[in-house]
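Source file: input_30.tsv (TSV, C-alpha atoms)
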chain	number	residue	atom	x	y	z
A	1	THR	CA	-19.04	33.05	9.52
A	2	PRO	CA	-22.15	35.08	8.56
A	3	PRO	CA	-24.56	35.39	11.53
A	4	SER	CA	-27.40	33.84	9.52
A	5	TYR	CA	-25.33	30.86	8.39
A	6	ALA	CA	-26.61	28.03	10.60
A	7	ARG	CA	-26.65	24.25	10.61
A	8	ASN	CA	-29.41	22.58	8.59
A	9	LYS	CA	-32.46	21.35	10.47
A	10	PRO	CA	-33.50	17.68	10.12
A	11	LEU	CA	-35.59	16.84	7.08
A	12	PRO	CA	-39.34	16.19	7.52
A	13	ALA	CA	-40.38	12.69	8.52
A	14	ALA	CA	-41.88	12.14	5.05
A	15	ALA	CA	-38.53	12.63	3.30
A	16	PRO	CA	-37.23	9.39	1.71
A	17	ASP	CA	-34.22	7.72	3.33
A	18	TYR	CA	-32.07	8.01	0.20
A	19	VAL	CA	-31.83	11.81	0.53
A	20	ARG	CA	-31.11	11.86	4.27
A	21	THR	CA	-27.43	10.96	3.91
A	22	PHE	CA	-24.50	12.27	1.89
A	23	SER	CA	-21.72	9.93	0.78
A	24	THR	CA	-18.88	12.40	0.55
A	25	THR	CA	-15.24	12.12	-0.47
A	26	ASP	CA	-12.18	13.96	0.76
A	27	TRP	CA	-10.81	14.84	-2.67
A	28	GLY	CA	-8.10	17.29	-1.66
A	29	SER	CA	-5.85	15.57	0.89
A	30	GLY	CA	-4.42	12.85	-1.34
A	31	HIS	CA	-5.29	10.03	1.08
A	32	GLY	CA	-4.18	6.73	-0.44
A	33	GLU	CA	-7.52	4.98	0.12
A	34	ALA	CA	-9.74	7.97	-0.79
A	35	PRO	CA	-12.22	7.22	2.04
A	36	ARG	CA	-15.89	8.09	1.80
A	37	PHE	CA	-17.80	9.51	4.75
A	38	GLU	CA	-21.52	9.05	5.35
A	39	ILE	CA	-22.90	12.33	6.70
A	40	ALA	CA	-26.47	12.94	7.87
A	41	PHE	CA	-28.32	15.92	6.39
A	42	GLU	CA	-28.75	17.54	9.82
A	43	ASP	CA	-24.95	17.50	10.31
A	44	THR	CA	-24.42	19.80	7.33
A	45	TYR	CA	-24.66	23.52	6.61
A	46	PRO	CA	-26.40	25.13	3.61
A	47	SER	CA	-24.66	24.56	0.27
A	48	CYS	CA	-25.78	23.83	-3.28
A	49	ALA	CA	-26.15	20.14	-2.43
A	50	THR	CA	-28.28	20.64	0.68
A	51	ARG	CA	-30.41	23.29	-1.03
A	52	ALA	CA	-31.10	20.81	-3.83
A	53	VAL	CA	-32.17	18.18	-1.28
A	54	LYS	CA	-34.55	20.64	0.39
A	55	LEU	CA	-36.05	21.53	-3.00
A	56	PHE	CA	-36.45	17.81	-3.77
A	57	VAL	CA	-38.32	17.25	-0.49
A	58	GLU	CA	-40.40	20.43	-0.42
A	59	ASP	CA	-41.15	20.96	-4.13
A	60	ARG	CA	-40.58	17.80	-6.17
A	61	PRO	CA	-42.22	19.17	-9.38
A	62	GLY	CA	-40.06	22.29	-9.17
A	63	PHE	CA	-36.98	20.14	-8.56
A	64	ASP	CA	-37.71	17.93	-11.58
A	65	ALA	CA	-38.40	20.93	-13.82
A	66	PHE	CA	-35.19	22.69	-12.80
A	67	PHE	CA	-32.93	19.72	-13.47
A	68	ARG	CA	-34.79	18.70	-16.63
A	69	LYS	CA	-34.16	22.19	-17.99
A	70	ALA	CA	-30.49	21.82	-17.02
A	71	GLY	CA	-30.32	18.61	-19.09
A	72	VAL	CA	-29.70	16.24	-16.17
A	73	PRO	CA	-30.83	12.67	-17.05
A	74	PRO	CA	-33.60	11.34	-14.78
A	75	SER	CA	-31.33	8.40	-13.85
A	76	ASP	CA	-28.88	10.86	-12.27
A	77	LEU	CA	-31.50	12.37	-9.96
A	78	PRO	CA	-32.11	11.09	-6.39
A	79	ASN	CA	-33.73	7.67	-6.40
A	80	SER	CA	-34.16	4.61	-4.19
A	81	ARG	CA	-31.10	2.91	-5.74
A	82	TRP	CA	-28.87	5.39	-3.93
A	83	SER	CA	-28.30	3.05	-0.99
A	84	ARG	CA	-25.24	4.96	0.26
A	85	GLY	CA	-26.75	8.42	-0.05
A	86	ILE	CA	-26.12	11.39	-2.32
A	87	SER	CA	-22.57	11.47	-3.68
A	88	THR	CA	-20.70	14.70	-2.92
A	89	ALA	CA	-17.23	16.02	-2.09
A	90	LEU	CA	-16.09	17.95	1.00
A	91	CYS	CA	-15.35	21.65	0.94
A	92	HIS	CA	-11.76	22.02	2.14
A	93	HIS	CA	-12.18	25.71	2.88
A	94	PHE	CA	-14.95	24.96	5.36
A	95	SER	CA	-13.54	21.67	6.63
A	96	LEU	CA	-9.88	22.52	7.13
A	97	GLN	CA	-9.64	26.31	7.00
A	98	GLU	CA	-11.52	27.20	10.18
A	99	ARG	CA	-14.92	27.16	8.46
A	100	LYS	CA	-14.02	30.03	6.16
A	101	CYS	CA	-15.57	29.37	2.77
A	102	PRO	CA	-15.92	32.37	0.45
A	103	TYR	CA	-19.03	30.90	-1.17
A	104	TRP	CA	-21.03	29.79	1.90
A	105	GLN	CA	-24.50	28.57	0.82
A	106	ASN	CA	-23.51	28.83	-2.85
A	107	CYS	CA	-20.58	26.43	-2.51
A	108	ILE	CA	-20.78	23.36	-4.76
A	109	PHE	CA	-19.02	21.26	-2.11
A	110	LEU	CA	-20.42	19.91	1.16
A	111	HIS	CA	-20.11	21.84	4.44
A	112	VAL	CA	-20.12	19.53	7.47
A	113	GLU	CA	-20.27	20.20	11.21
A	114	THR	CA	-16.66	20.19	12.43
A	115	GLU	CA	-17.12	17.78	15.35
A	116	VAL	CA	-18.93	15.25	13.15
A	117	LEU	CA	-16.38	15.50	10.37
A	118	MET	CA	-13.38	15.16	12.68
A	119	ARG	CA	-14.90	12.00	14.14
A	120	GLU	CA	-15.19	10.58	10.63
A	121	PHE	CA	-11.63	11.57	9.70
A	122	LYS	CA	-10.27	9.91	12.82
A	123	ARG	CA	-11.67	6.54	11.69
A	124	TYR	CA	-8.77	6.37	9.22
A	125	LYS	CA	-5.02	6.25	9.49
A	126	CYS	CA	-3.32	9.09	7.62
A	127	MET	CA	-2.11	7.92	4.20
A	128	CYS	CA	-1.48	11.38	2.79
A	129	GLY	CA	2.32	11.26	2.82
A	130	PRO	CA	4.82	9.74	0.37
A	131	ASN	CA	4.03	6.13	-0.56
A	132	ASP	CA	0.71	6.38	1.31
A	133	GLY	CA	2.51	6.96	4.59
A	134	VAL	CA	1.72	9.37	7.44
A	135	CYS	CA	2.15	12.98	6.32
A	136	ARG	CA	3.85	15.86	8.15
A	137	PHE	CA	0.97	18.32	7.77
A	138	THR	CA	0.26	19.53	11.31
A	139	ARG	CA	-3.39	20.27	10.49
A	140	CYS	CA	-4.06	16.89	8.88
A	141	PRO	CA	-7.41	15.63	10.21
A	142	TYR	CA	-6.58	11.92	9.89
A	143	ALA	CA	-5.21	9.77	12.72
A	144	HIS	CA	-1.42	9.97	12.96
A	145	THR	CA	-1.24	7.67	16.00
A	146	GLN	CA	-3.29	4.69	17.16
A	147	THR	CA	-4.61	6.64	20.17
A	148	GLN	CA	-6.24	9.17	17.83
A	149	LEU	CA	-8.47	6.58	16.16
A	150	THR	CA	-12.22	6.77	16.63
A	151	ILE	CA	-13.45	3.39	17.86
A	152	PRO	CA	-16.90	2.44	16.50
A	153	SER	CA	-19.33	1.39	19.22
A	154	ALA	CA	-19.78	-1.91	17.37
A	155	PHE	CA	-16.28	-2.91	18.52
A	156	GLU	CA	-17.44	-2.85	22.14
A	157	GLU	CA	-20.65	-4.83	21.60
A	158	PRO	CA	-20.86	-8.64	21.50
A	159	ALA	CA	-22.54	-10.01	18.38
A	160	PHE	CA	-23.47	-13.23	20.19
A	161	PRO	CA	-23.82	-12.39	23.92
A	162	GLY	CA	-23.08	-15.27	26.26
A	163	GLU	CA	-22.55	-17.84	23.49
A	164	ASP	CA	-19.69	-20.20	24.31
A	165	ALA	CA	-19.88	-22.16	21.05
A	166	VAL	CA	-16.44	-22.06	19.38
A	167	ARG	CA	-15.89	-20.41	16.00
A	168	GLU	CA	-12.90	-21.15	13.78
A	169	ILE	CA	-11.80	-18.01	11.96
A	170	ARG	CA	-9.06	-17.50	9.39
A	171	TYR	CA	-6.50	-14.74	9.70
A	172	THR	CA	-3.18	-13.78	8.11
A	173	SER	CA	-0.12	-13.64	10.34
A	174	GLU	CA	1.51	-10.22	10.58
A	175	GLN	CA	4.87	-11.90	11.19
A	176	THR	CA	4.92	-14.51	8.44
A	177	GLY	CA	2.22	-13.46	5.97
A	178	LEU	CA	0.85	-17.01	6.16
A	179	GLU	CA	-2.81	-17.83	6.68
A	180	SER	CA	-3.79	-19.64	9.86
A	181	THR	CA	-6.89	-20.16	11.99
A	182	LEU	CA	-8.05	-18.94	15.36
A	183	LYS	CA	-10.61	-20.70	17.59
A	184	LEU	CA	-12.54	-18.65	20.12
A	185	PRO	CA	-16.03	-18.49	21.70
A	186	ARG	CA	-18.65	-16.67	19.64
A	187	LYS	CA	-19.28	-14.22	22.51
A	188	PHE	CA	-15.92	-12.59	21.70
A	189	ILE	CA	-16.99	-11.59	18.18
A	190	ALA	CA	-17.75	-7.89	17.77
A	191	ASN	CA	-21.16	-6.77	16.50
A	192	THR	CA	-20.05	-5.56	13.06
A	193	SER	CA	-21.87	-6.10	9.77
A	194	GLN	CA	-19.43	-8.93	8.94
A	195	LYS	CA	-19.89	-10.77	12.23
A	196	ILE	CA	-20.71	-14.03	10.42
A	197	ALA	CA	-17.62	-13.87	8.19
A	198	ASN	CA	-15.11	-16.72	8.47
A	199	SER	CA	-12.05	-14.47	8.36
A	200	LEU	CA	-10.85	-11.57	10.47
A	201	CYS	CA	-10.34	-8.03	9.25
A	202	SER	CA	-7.50	-7.93	6.72
A	203	HIS	CA	-6.28	-4.46	7.74
A	204	THR	CA	-3.22	-3.99	9.89
A	205	TYR	CA	-4.58	-4.98	13.30
A	206	ASP	CA	-3.41	-2.00	15.30
A	207	TRP	CA	-4.83	0.59	12.88
A	208	CYS	CA	-8.19	-0.68	11.66
A	209	SER	CA	-11.35	1.08	12.84
A	210	SER	CA	-13.76	-0.14	10.19
A	211	ALA	CA	-17.00	-1.50	11.63
A	212	VAL	CA	-17.65	-3.17	8.26
A	213	SER	CA	-15.05	-5.90	8.85
A	214	ASN	CA	-15.10	-8.90	11.19
A	215	HIS	CA	-13.36	-8.11	14.47
A	216	VAL	CA	-12.76	-9.56	17.88
A	217	ARG	CA	-14.28	-7.33	20.56
A	218	ALA	CA	-12.16	-4.53	22.00
A	219	GLY	CA	-10.88	-4.76	25.55
A	220	LEU	CA	-10.15	-8.50	25.47
A	221	VAL	CA	-6.87	-10.31	26.09
A	222	PHE	CA	-6.24	-13.70	24.51
A	223	SER	CA	-3.42	-15.69	22.93
A	224	PHE	CA	-3.08	-18.02	19.95
A	225	PHE	CA	-0.36	-19.73	17.91
A	226	CYS	CA	0.92	-17.96	14.82
A	227	SER	CA	2.94	-20.49	12.79
A	228	ASP	CA	5.48	-21.73	15.34
A	229	ALA	CA	5.43	-18.69	17.63
A	230	LEU	CA	3.02	-17.78	20.41
A	231	VAL	CA	1.51	-14.34	19.78
A	232	LEU	CA	-0.25	-12.39	22.49
A	233	HIS	CA	-2.63	-9.64	21.33
A	234	ARG	CA	-4.15	-7.19	23.73
A	235	LEU	CA	-7.30	-5.65	22.20
A	236	ALA	CA	-7.71	-2.46	24.19
A	237	ALA	CA	-8.82	1.05	23.25
A	238	THR	CA	-5.82	1.54	20.97
A	239	LEU	CA	-5.67	-2.03	19.66
A	240	ILE	CA	-9.06	-2.57	18.12
A	241	GLY	CA	-8.89	-5.28	15.51
A	242	ILE	CA	-6.77	-8.14	14.26
A	243	GLY	CA	-5.37	-8.50	10.77

In structure tokens, write the structure found in this file.
Amino acid sequence: TPPSYARNKPLPAAAPDYVRTFSTTDWGSGHGEAPRFEIAFEDTYPSCATRAVKLFVEDRPGFDAFFRKAGVPPSDLPNSRWSRGISTALCHHFSLQERKCPYWQNCIFLHVETEVLMREFKRYKCMCGPNDGVCRFTRCPYAHTQTQLTIPSAFEEPAFPGEDAVREIRYTSEQTGLESTLKLPRKFIANTSQKIANSLCSHTYDWCSSAVSNHVRAGLVFSFFCSDALVLHRLAATLIGIG
């Protein structure tokens, strides 16, 4: 790594929110769900994308003139409709090859701080192998076991602290594939963005780490009937959602 190649500093306070985050894809691993990662500007290193953002913030007329000359439509330039941030793709040389990119600040792909990126990768089960299964690549950054999953803090937080009112929530049985319902106090619902949903996360319960879905809080033990069989689920650090 060149001595002068350092992590980007945070953008000025006046910078609009829609240029503070990159929504980046992992285009090279072949993951079956093609996950997108939301990366803060200050967690990146200089590249074409981050240099463009700095030009946008520091010299908007110069930014507009440059891209107008390049023939980029105004609708494709950063704007407030970009709710998920600036769309980019990860640099695999920097991300997976020990931060060794031959293009450095001139790379057209995004360079992300290793610790931050690995945390994002570990939110997903590996689906890079045959038939979207776990691959055999020893340097694969995705989770190959449940214990490798990153658990979002939202899974540990109650959405409705101390509320004993009962919620009836739908779920699909792993054993039968049939839909059933679960009744439990609201205080056991995790503080995810879908905390008011009437159905639990549809992902396989022992692999999901998405804080977007509705989950029961981690670290709880409870039981419920699944068709005609009693199923006991322990939601601990490696068992973080129910499908």

- Query: Near Arg119 of chain A, within 9 Å and counting all atoms listed in the file, which residues show up once chain neighbours fewer than 5 positions away are dropped, as a PyMOL selection string?
  - Reply: chain A and resi 114+149-150

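Neighbouring residues of segment 180-182 of chain A at 6 Å or closer, counting all atoms listed in the file and skipping chain neighbours under 6 positions away, are A:Glu168, A:Ile169, A:Arg170, A:Tyr171.
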
- Query: Smallest atom-to-atom distance to His31 of chain A: which of A:His144, A:Lys125, A:Lys183, A:Arg167, using only C-alpha atoms?
  - Reply: A:Lys125

Contact check, segment 12-76 of chain A to segment 88-99 of chain A, at most 9 Å, counting all atoms listed in the file, closest pairs as a tab-separated table:
residue	atom	partner	partner_atom	distance
A:Phe22	CA	A:Thr88	CA	6.6
A:Ser23	CA	A:Thr88	CA	6.1
A:Thr24	CA	A:Thr88	CA	4.5
A:Thr25	CA	A:Ala89	CA	4.7
A:Asp26	CA	A:Leu90	CA	5.6
A:Trp27	CA	A:Ala89	CA	6.6
A:Gly28	CA	A:His92	CA	7.1
A:Ser29	CA	A:His92	CA	8.8
A:Arg36	CA	A:Ala89	CA	8.9
A:Ala49	CA	A:Thr88	CA	7.7

Output C-alpha atoms for every residue in that selection, as a short mmCIF file (atom, residue, chain, number, x, y, z; two decimals), in the coordinates of the input.
data_model
loop_
_atom_site.label_atom_id
_atom_site.label_comp_id
_atom_site.auth_asym_id
_atom_site.auth_seq_id
_atom_site.Cartn_x
_atom_site.Cartn_y
_atom_site.Cartn_z
CA PHE A 22 -24.50 12.27 1.89
CA SER A 23 -21.72 9.93 0.78
CA THR A 24 -18.88 12.40 0.55
CA THR A 25 -15.24 12.12 -0.47
CA ASP A 26 -12.18 13.96 0.76
CA TRP A 27 -10.81 14.84 -2.67
CA GLY A 28 -8.10 17.29 -1.66
CA SER A 29 -5.85 15.57 0.89
CA ARG A 36 -15.89 8.09 1.80
CA ALA A 49 -26.15 20.14 -2.43
#

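In this model, the gap between atom CA of Ala165 of chain A and atom CA of Phe188 of chain A comes to 10.4 Å.
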
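Distance-wise, atom CA of Asp132 of chain A and atom CA of Met118 of chain A end up 20.1 Å apart.
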
- Between atom CA of Thr1 of chain A and atom CA of Leu55 of chain A, measure the distance and give it in Å to one decimal. 24.1 Å

- Judged by all atoms listed in the file, the minimum distance to Ile108 of chain A among A:Gln148, A:Asn8, A:Thr50, A:Asn79 is found for A:Thr50

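Each of A:Gly32, A:Pro61, A:Pro2, A:Pro78 was checked against Gly129 of chain A using all atoms listed in the file; the smallest atom-to-atom distance is that of A:Gly32.
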
- Check the smallest atom-to-atom distance from each of A:Ile189, A:Ala14, A:Arg136, A:Ala143 to Gly162 of chain A using all atoms listed in the file, then report the winner. A:Ile189

Let me have the centre and edge lengths in Å, one decimal, of the box along x, y and z around every listed atom of segment 179-185 of chain A with 3 Å of margin on each side, as AutoDock Vina command-line options.
--center_x -9.4 --center_y -19.3 --center_z 14.2 --size_x 19.2 --size_y 8.9 --size_z 21.0
